[in-house]
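structure-v4.csv, holding CSV, C-alpha atoms (C1' of nucleotides):
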```csv
chain,number,residue,atom,x,y,z
A,1,MET,CA,0.0,0.0,0.0
A,2,ASN,CA,1.0,3.6,-0.2
A,3,ASN,CA,-1.1,5.9,1.9
A,4,ILE,CA,0.2,8.6,4.2
A,5,GLN,CA,-0.3,6.5,7.3
A,6,HIS,CA,2.1,3.9,5.9
A,7,THR,CA,4.6,6.6,5.2
A,8,PHE,CA,4.5,8.0,8.7
A,9,ALA,CA,4.6,4.5,10.2
A,10,ALA,CA,7.6,3.6,8.1
A,11,LEU,CA,9.4,6.8,9.3
A,12,GLY,CA,8.5,6.0,12.9
A,13,ASP,CA,11.5,3.8,13.4
A,14,GLN,CA,15.1,4.8,14.0
A,15,THR,CA,16.6,2.1,11.8
A,16,ARG,CA,14.4,3.0,8.9
A,17,MET,CA,15.0,6.7,9.2
A,18,ALA,CA,18.8,5.9,9.1
A,19,ILE,CA,18.2,3.8,6.0
A,20,ILE,CA,16.5,6.6,4.3
A,21,GLU,CA,19.2,9.1,5.3
A,22,ARG,CA,21.8,6.6,3.8
A,23,LEU,CA,19.9,6.1,0.6
A,24,ALA,CA,19.5,9.8,0.1
A,25,LEU,CA,23.3,9.9,-0.7
A,26,ASN,CA,23.1,7.2,-3.4
A,27,GLU,CA,21.8,3.9,-4.5
A,28,ILE,CA,23.5,1.0,-2.6
A,29,SER,CA,23.3,-2.8,-2.3
A,30,LEU,CA,21.5,-4.4,0.5
A,31,SER,CA,24.6,-5.9,2.1
A,32,GLU,CA,26.5,-2.6,2.0
A,33,LEU,CA,23.4,-0.9,3.4
A,34,ALA,CA,23.2,-3.5,6.2
A,35,GLU,CA,26.9,-3.4,7.1
A,36,PRO,CA,26.9,-0.5,9.6
A,37,PHE,CA,23.9,-1.7,11.5
A,38,ALA,CA,24.2,-3.8,14.6
A,39,MET,CA,21.7,-6.3,13.4
A,40,SER,CA,21.5,-9.1,10.9
A,41,GLN,CA,21.2,-8.5,7.2
A,42,THR,CA,17.8,-10.3,7.4
A,43,ALA,CA,16.6,-7.7,9.9
A,44,VAL,CA,17.7,-4.8,7.6
A,45,SER,CA,16.1,-6.6,4.7
A,46,LYS,CA,12.8,-6.6,6.5
A,47,HIS,CA,13.1,-2.9,7.2
A,48,VAL,CA,13.8,-2.3,3.6
A,49,HIS,CA,10.8,-4.2,2.6
A,50,VAL,CA,8.6,-2.2,5.0
A,51,LEU,CA,10.0,0.9,3.3
A,52,SER,CA,9.3,-0.7,-0.1
A,53,GLU,CA,5.7,-1.5,0.9
A,54,ALA,CA,5.3,2.2,1.8
A,55,GLY,CA,6.6,3.1,-1.6
A,56,LEU,CA,9.7,4.8,-0.2
A,57,VAL,CA,12.3,2.5,-1.6
A,58,GLU,CA,12.6,0.6,-4.9
A,59,ILE,CA,14.6,-2.6,-4.9
A,60,SER,CA,16.1,-3.7,-8.2
A,61,LYS,CA,17.9,-7.0,-8.8
A,62,ARG,CA,21.2,-7.0,-10.8
A,63,GLY,CA,22.9,-10.3,-10.8
A,64,ARG,CA,22.8,-11.7,-7.3
A,65,THR,CA,22.8,-8.2,-5.8
A,66,ARG,CA,19.7,-6.2,-4.7
A,67,TYR,CA,20.1,-2.4,-5.1
A,68,CYS,CA,18.0,-0.1,-3.0
A,69,ARG,CA,16.9,3.3,-4.3
A,70,LEU,CA,15.0,6.0,-2.5
A,71,LYS,CA,11.6,7.1,-3.9
A,72,PRO,CA,10.8,10.5,-2.5
A,73,GLU,CA,7.2,10.8,-3.7
A,74,PRO,CA,5.5,9.6,-0.5
A,75,LEU,CA,7.7,11.9,1.5
A,76,ARG,CA,6.5,14.8,-0.6
A,77,ALA,CA,2.9,13.8,0.1
A,78,ALA,CA,3.6,13.6,3.8
A,79,GLU,CA,5.3,17.0,3.8
A,80,GLU,CA,2.3,18.4,2.0
A,81,TRP,CA,0.0,17.1,4.6
A,82,LEU,CA,2.0,18.6,7.4
A,83,GLU,CA,2.4,21.9,5.5
A,84,THR,CA,-1.4,22.3,5.1
A,85,TYR,CA,-2.0,21.9,8.8
A,86,GLN,CA,0.8,24.2,9.7
A,87,GLN,CA,-0.4,27.0,7.5
A,88,PHE,CA,-3.8,26.6,9.2
A,89,TRP,CA,-2.3,26.7,12.6
A,90,SER,CA,-0.1,29.7,11.8
A,91,GLU,CA,-3.3,31.6,10.9
A,92,ARG,CA,-5.0,30.5,14.1
A,93,PHE,CA,-2.0,31.6,16.1
A,94,GLU,CA,-1.9,34.9,14.3
A,95,ASN,CA,-5.6,35.4,15.0
A,96,LEU,CA,-5.1,34.6,18.6
A,97,ALA,CA,-2.2,37.0,18.9
A,98,THR,CA,-4.3,39.7,17.2
A,99,PHE,CA,-7.1,39.0,19.6
A,100,LEU,CA,-4.9,39.2,22.6
A,101,THR,CA,-3.3,42.4,21.5
A,102,LYS,CA,-6.6,44.1,20.9
A,103,GLU,CA,-8.0,43.0,24.2
A,104,LYS,CA,-4.9,44.4,26.0
A,105,SER,CA,-5.3,47.8,24.4
A,106,GLU,CA,-9.0,48.2,25.3
B,107,MET,CA,10.0,12.3,24.9
B,108,ASN,CA,9.8,14.5,21.9
B,109,ASN,CA,12.1,13.6,19.1
B,110,ILE,CA,11.2,13.3,15.4
B,111,GLN,CA,10.8,9.5,15.5
B,112,HIS,CA,8.2,9.8,18.2
B,113,THR,CA,6.3,12.3,16.0
B,114,PHE,CA,6.3,10.0,13.0
B,115,ALA,CA,5.4,7.0,15.1
B,116,ALA,CA,2.5,9.0,16.6
B,117,LEU,CA,1.3,10.0,13.2
B,118,GLY,CA,1.6,6.4,11.9
B,119,ASP,CA,-1.9,5.5,13.2
B,120,GLN,CA,-5.2,6.2,11.6
B,121,THR,CA,-7.0,7.0,14.8
B,122,ARG,CA,-4.3,9.4,16.0
B,123,MET,CA,-4.2,11.2,12.7
B,124,ALA,CA,-8.0,11.6,12.9
B,125,ILE,CA,-7.6,12.9,16.4
B,126,ILE,CA,-5.1,15.5,15.2
B,127,GLU,CA,-7.4,16.5,12.3
B,128,ARG,CA,-10.2,16.9,14.8
B,129,LEU,CA,-8.1,19.0,17.2
B,130,ALA,CA,-6.9,21.2,14.4
B,131,LEU,CA,-10.5,22.6,14.4
B,132,ASN,CA,-10.5,23.6,18.1
B,133,GLU,CA,-9.8,22.5,21.6
B,134,ILE,CA,-12.3,19.8,22.8
B,135,SER,CA,-12.9,17.6,25.8
B,136,LEU,CA,-11.8,14.0,25.9
B,137,SER,CA,-15.3,12.6,25.9
B,138,GLU,CA,-16.4,14.7,23.0
B,139,LEU,CA,-13.3,13.8,21.2
B,140,ALA,CA,-13.9,10.1,21.8
B,141,GLU,CA,-17.6,10.2,20.8
B,142,PRO,CA,-17.3,9.6,17.0
B,143,PHE,CA,-14.8,6.8,17.3
B,144,ALA,CA,-15.9,3.1,17.3
B,145,MET,CA,-13.9,2.3,20.4
B,146,SER,CA,-14.0,2.9,24.1
B,147,GLN,CA,-13.2,6.2,25.7
B,148,THR,CA,-10.3,4.4,27.4
B,149,ALA,CA,-8.8,3.5,24.0
B,150,VAL,CA,-9.1,7.0,22.7
B,151,SER,CA,-7.6,8.3,26.0
B,152,LYS,CA,-4.6,6.0,25.4
B,153,HIS,CA,-4.1,7.4,21.9
B,154,VAL,CA,-4.3,11.0,23.3
B,155,HIS,CA,-1.6,10.1,25.8
B,156,VAL,CA,0.6,8.7,23.0
B,157,LEU,CA,0.2,12.1,21.2
B,158,SER,CA,0.8,13.9,24.5
B,159,GLU,CA,4.1,11.9,25.0
B,160,ALA,CA,5.1,12.9,21.5
B,161,GLY,CA,4.4,16.6,22.4
B,162,LEU,CA,1.6,16.8,19.9
B,163,VAL,CA,-1.2,17.4,22.3
B,164,GLU,CA,-1.6,19.2,25.6
B,165,ILE,CA,-4.1,18.0,28.1
B,166,SER,CA,-5.5,20.5,30.6
B,167,LYS,CA,-7.8,19.7,33.4
B,168,ARG,CA,-10.7,22.0,34.2
B,169,GLY,CA,-13.1,20.6,36.8
B,170,ARG,CA,-13.7,17.0,36.0
B,171,THR,CA,-13.1,17.6,32.3
B,172,ARG,CA,-9.9,17.1,30.3
B,173,TYR,CA,-9.4,19.4,27.4
B,174,CYS,CA,-7.1,18.4,24.5
B,175,ARG,CA,-5.3,21.0,22.5
B,176,LEU,CA,-3.0,20.6,19.5
B,177,LYS,CA,0.7,21.5,19.8
B,178,PRO,CA,2.0,22.0,16.3
B,179,GLU,CA,5.7,22.4,17.1
B,180,PRO,CA,6.7,18.8,16.6
B,181,LEU,CA,4.8,18.7,13.3
B,182,ARG,CA,6.8,21.7,12.2
B,183,ALA,CA,10.0,19.9,13.0
B,184,ALA,CA,8.8,16.8,11.1
B,185,GLU,CA,7.9,19.0,8.1
B,186,GLU,CA,11.3,20.6,8.2
B,187,TRP,CA,13.1,17.3,8.2
B,188,LEU,CA,11.1,16.2,5.2
B,189,GLU,CA,11.6,19.5,3.4
B,190,THR,CA,15.4,19.3,3.8
B,191,TYR,CA,15.4,15.9,2.1
B,192,GLN,CA,13.1,16.9,-0.6
B,193,GLN,CA,15.1,19.9,-1.6
B,194,PHE,CA,18.1,17.6,-1.8
B,195,TRP,CA,16.2,15.1,-3.9
B,196,SER,CA,14.8,17.7,-6.2
B,197,GLU,CA,18.4,18.9,-7.0
B,198,ARG,CA,19.4,15.3,-7.6
B,199,PHE,CA,16.5,14.8,-10.0
B,200,GLU,CA,17.2,18.0,-11.7
B,201,ASN,CA,20.8,16.9,-12.2
B,202,LEU,CA,19.6,13.5,-13.5
B,203,ALA,CA,17.2,15.2,-15.9
B,204,THR,CA,20.0,17.5,-17.1
B,205,PHE,CA,22.3,14.6,-17.6
B,206,LEU,CA,19.8,12.6,-19.5
B,207,THR,CA,18.9,15.5,-21.8
B,208,LYS,CA,22.6,16.1,-22.5
B,209,GLU,CA,23.2,12.5,-23.3
B,210,LYS,CA,20.2,12.4,-25.7
B,211,SER,CA,21.4,15.4,-27.7
B,212,GLU,CA,24.9,14.1,-28.1
C,213,DC,C1',-26.9,13.5,50.2
C,214,DA,C1',-27.5,10.5,46.2
C,215,DT,C1',-26.6,10.2,41.4
C,216,DT,C1',-24.5,11.2,37.2
C,217,DT,C1',-20.6,12.5,34.5
C,218,DA,C1',-15.7,12.6,33.2
C,219,DG,C1',-12.0,10.3,33.3
C,220,DT,C1',-8.2,7.1,35.3
C,221,DT,C1',-6.2,2.8,36.5
C,222,DA,C1',-5.3,-2.1,36.5
C,223,DA,C1',-5.7,-6.5,34.5
C,224,DC,C1',-6.2,-9.0,30.7
C,225,DT,C1',-6.0,-10.5,25.5
C,226,DA,C1',-4.8,-10.7,20.6
C,227,DT,C1',-2.0,-9.0,17.1
C,228,DT,C1',1.9,-6.8,15.3
C,229,DT,C1',6.7,-5.6,15.3
C,230,DG,C1',11.5,-6.2,15.5
C,231,DG,C1',14.6,-9.2,16.0
C,232,DT,C1',17.0,-14.0,15.8
C,233,DT,C1',18.9,-18.5,13.5
C,234,DG,C1',19.4,-22.1,10.0
C,235,DA,C1',18.5,-24.0,5.7
C,236,DC,C1',18.0,-22.8,1.1
C,237,DT,C1',18.6,-20.6,-3.9
C,238,DT,C1',21.0,-18.1,-7.2
C,239,DT,C1',25.0,-15.9,-9.1
C,240,DA,C1',29.9,-15.1,-9.3
C,241,DT,C1',34.5,-16.6,-9.0
C,242,DA,C1',39.1,-19.3,-7.8
D,243,DT,C1',33.7,-27.7,-10.5
D,244,DA,C1',33.8,-26.4,-5.8
D,245,DT,C1',33.2,-22.6,-3.1
D,246,DA,C1',32.0,-18.1,-1.6
D,247,DA,C1',28.8,-14.3,-1.7
D,248,DA,C1',24.1,-12.0,-1.8
D,249,DG,C1',20.0,-12.7,-0.5
D,250,DT,C1',15.4,-15.1,0.6
D,251,DC,C1',12.4,-17.9,3.4
D,252,DA,C1',10.4,-20.1,7.3
D,253,DA,C1',10.1,-20.8,12.0
D,254,DC,C1',10.6,-19.0,16.1
D,255,DC,C1',10.7,-15.5,20.2
D,256,DA,C1',10.2,-11.3,23.2
D,257,DA,C1',8.3,-7.0,23.6
D,258,DA,C1',5.2,-3.5,22.2
D,259,DT,C1',0.7,-2.0,20.6
D,260,DA,C1',-4.2,-1.5,20.3
D,261,DG,C1',-7.9,-2.9,22.2
D,262,DT,C1',-11.2,-4.7,25.9
D,263,DT,C1',-13.8,-4.7,30.7
D,264,DA,C1',-14.5,-3.7,35.5
D,265,DA,C1',-13.6,-1.1,39.5
D,266,DC,C1',-12.4,3.1,41.0
D,267,DT,C1',-11.8,8.6,42.0
D,268,DA,C1',-13.3,13.1,41.6
D,269,DA,C1',-16.4,16.7,40.3
D,270,DA,C1',-21.0,18.5,39.2
D,271,DT,C1',-25.9,18.4,39.9
D,272,DG,C1',-30.9,16.8,41.1
```
Show me this structure written as structure tokens.
Amino acid sequence: MNNIQHTFAALGDQTRMAIIERLALNEISLSELAEPFAMSQTAVSKHVHVLSEAGLVEISKRGRTRYCRLKPEPLRAAEEWLETYQQFWSERFENLATFLTKEKSE
Amino acid sequence: MNNIQHTFAALGDQTRMAIIERLALNEISLSELAEPFAMSQTAVSKHVHVLSEAGLVEISKRGRTRYCRLKPEPLRAAEEWLETYQQFWSERFENLATFLTKEKSE
DNA sequence: CATTTAGTTAACTATTTGGTTGACTTTATA
DNA sequence: TATAAAGTCAACCAAATAGTTAACTAAATG
């Protein structure tokens, strides 16, 4: 699946965020990706598959190697969701500030 | 706690995202907040406490009523994290596009 | 004062999550 | 061809999560 909840859930894990930060640099093989983590390659592979299910990573097979590549689209969607709400709150806070200022001067 | 992982983890749940969307409208009591959900008030209260732990909601007691208010700061931090990465990827994609265009015309 | 309302707390359950290991498949290489 | 490397798959485990119900506290109200 690929909805926004999946994106947030995928990001809500330290290891997976670190994977994303690593993949932001460049495409890399699963074993190289797994190397710095203090867990088995299988575990990292599972995390990568969670990211893949969320549409955040694309896995491509070349020979016996699996390369992982970042897919930023869901992150953009997540960012847009957050942005919408923040604009709204900014307005609310501005209004609140305006209200409080007015009340003070009366 | 209040780090970015907590924020993403808190958002990675349908119910909690719905709670946030509701609280974006206005402050509201726990029982009113729980009313539309197909689960017990206790369950909703737990979700609200998860959001509270993540710094996304502030609970204030007035009489016997608990009012829940949205705290947008962690969302802003989450948005900024996403934004940074997206700017970076946009550049990368632009570079890729430039590269492909050059290659084609040669 | 008796009752209702708002909510917490504790105990419990089922499912999901994050991890392990060992056996296996497939591809590359000495 | 034998072996090593890259990775999957299945079975398992412990802890966390999302929910329940029942008993309770505290505040408001008839």
task: Just need the residues of chain D within 12 Å of chain B, counting only C-alpha atoms (C1' of nucleotides), so spit them out as a PyMOL selection string.
output: chain D and resi 259-263+267-270
query: What residues in chain B lie within 12 Å of chain A, counting only C-alpha atoms, written as JSON, numbers by chain?
result: {"B": [109, 110, 111, 112, 113, 114, 115, 116, 117, 118, 119, 120, 121, 122, 123, 124, 126, 127, 128, 129, 130, 131, 132, 133, 160, 175, 176, 177, 178, 179, 180, 181, 182, 183, 184, 185, 186, 187, 188, 189, 190, 191, 192, 193, 194, 195, 196, 197, 198, 199]}
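For the residues B:Cys174, B:Lys167, B:Glu141, B:Ser151, ranking by smallest atom-to-atom distance to C:DT221 using only C-alpha atoms (C1' of nucleotides) places B:Ser151 first.
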Distance limit 12 Å, atoms considered: all atoms listed in the file. Which chain C residues sit that close to chain B? Return them as a PDB file with C-alpha atoms (C1' of nucleotides), keeping the file's coordinate frame.
```pdb
ATOM      1  C1'  DT C 217     -20.600  12.500  34.500  1.00  0.00           C
ATOM      2  C1'  DA C 218     -15.700  12.600  33.200  1.00  0.00           C
ATOM      3  C1'  DG C 219     -12.000  10.300  33.300  1.00  0.00           C
ATOM      4  C1'  DT C 220      -8.200   7.100  35.300  1.00  0.00           C
ATOM      5  C1'  DT C 221      -6.200   2.800  36.500  1.00  0.00           C
TER       6       DT C 221
END
```
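When atom CA of B:Leu139 is paired with atom CA of B:Ile125, their separation reads 7.5 Å.
Considering the residues C:DA235, C:DA222, C:DT229, C:DT241 and counting all atoms listed in the file, D:DC255 has its shortest atom-to-atom contact with C:DT229.
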Spatial neighbours of A:Gly55, 7 Å, only C-alpha atoms (C1' of nucleotides), chain gap at least 2 places, as a PyMOL selection string: chain A and resi 2+51-53+57+71+74
- prompt: Between atom C1' of C:DT238 and atom C1' of D:DA244, what is the spacing in Å?
  reply: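 Between atom C1' of D:DA244 and atom C1' of C:DT238 the gap works out to 15.3 Å.
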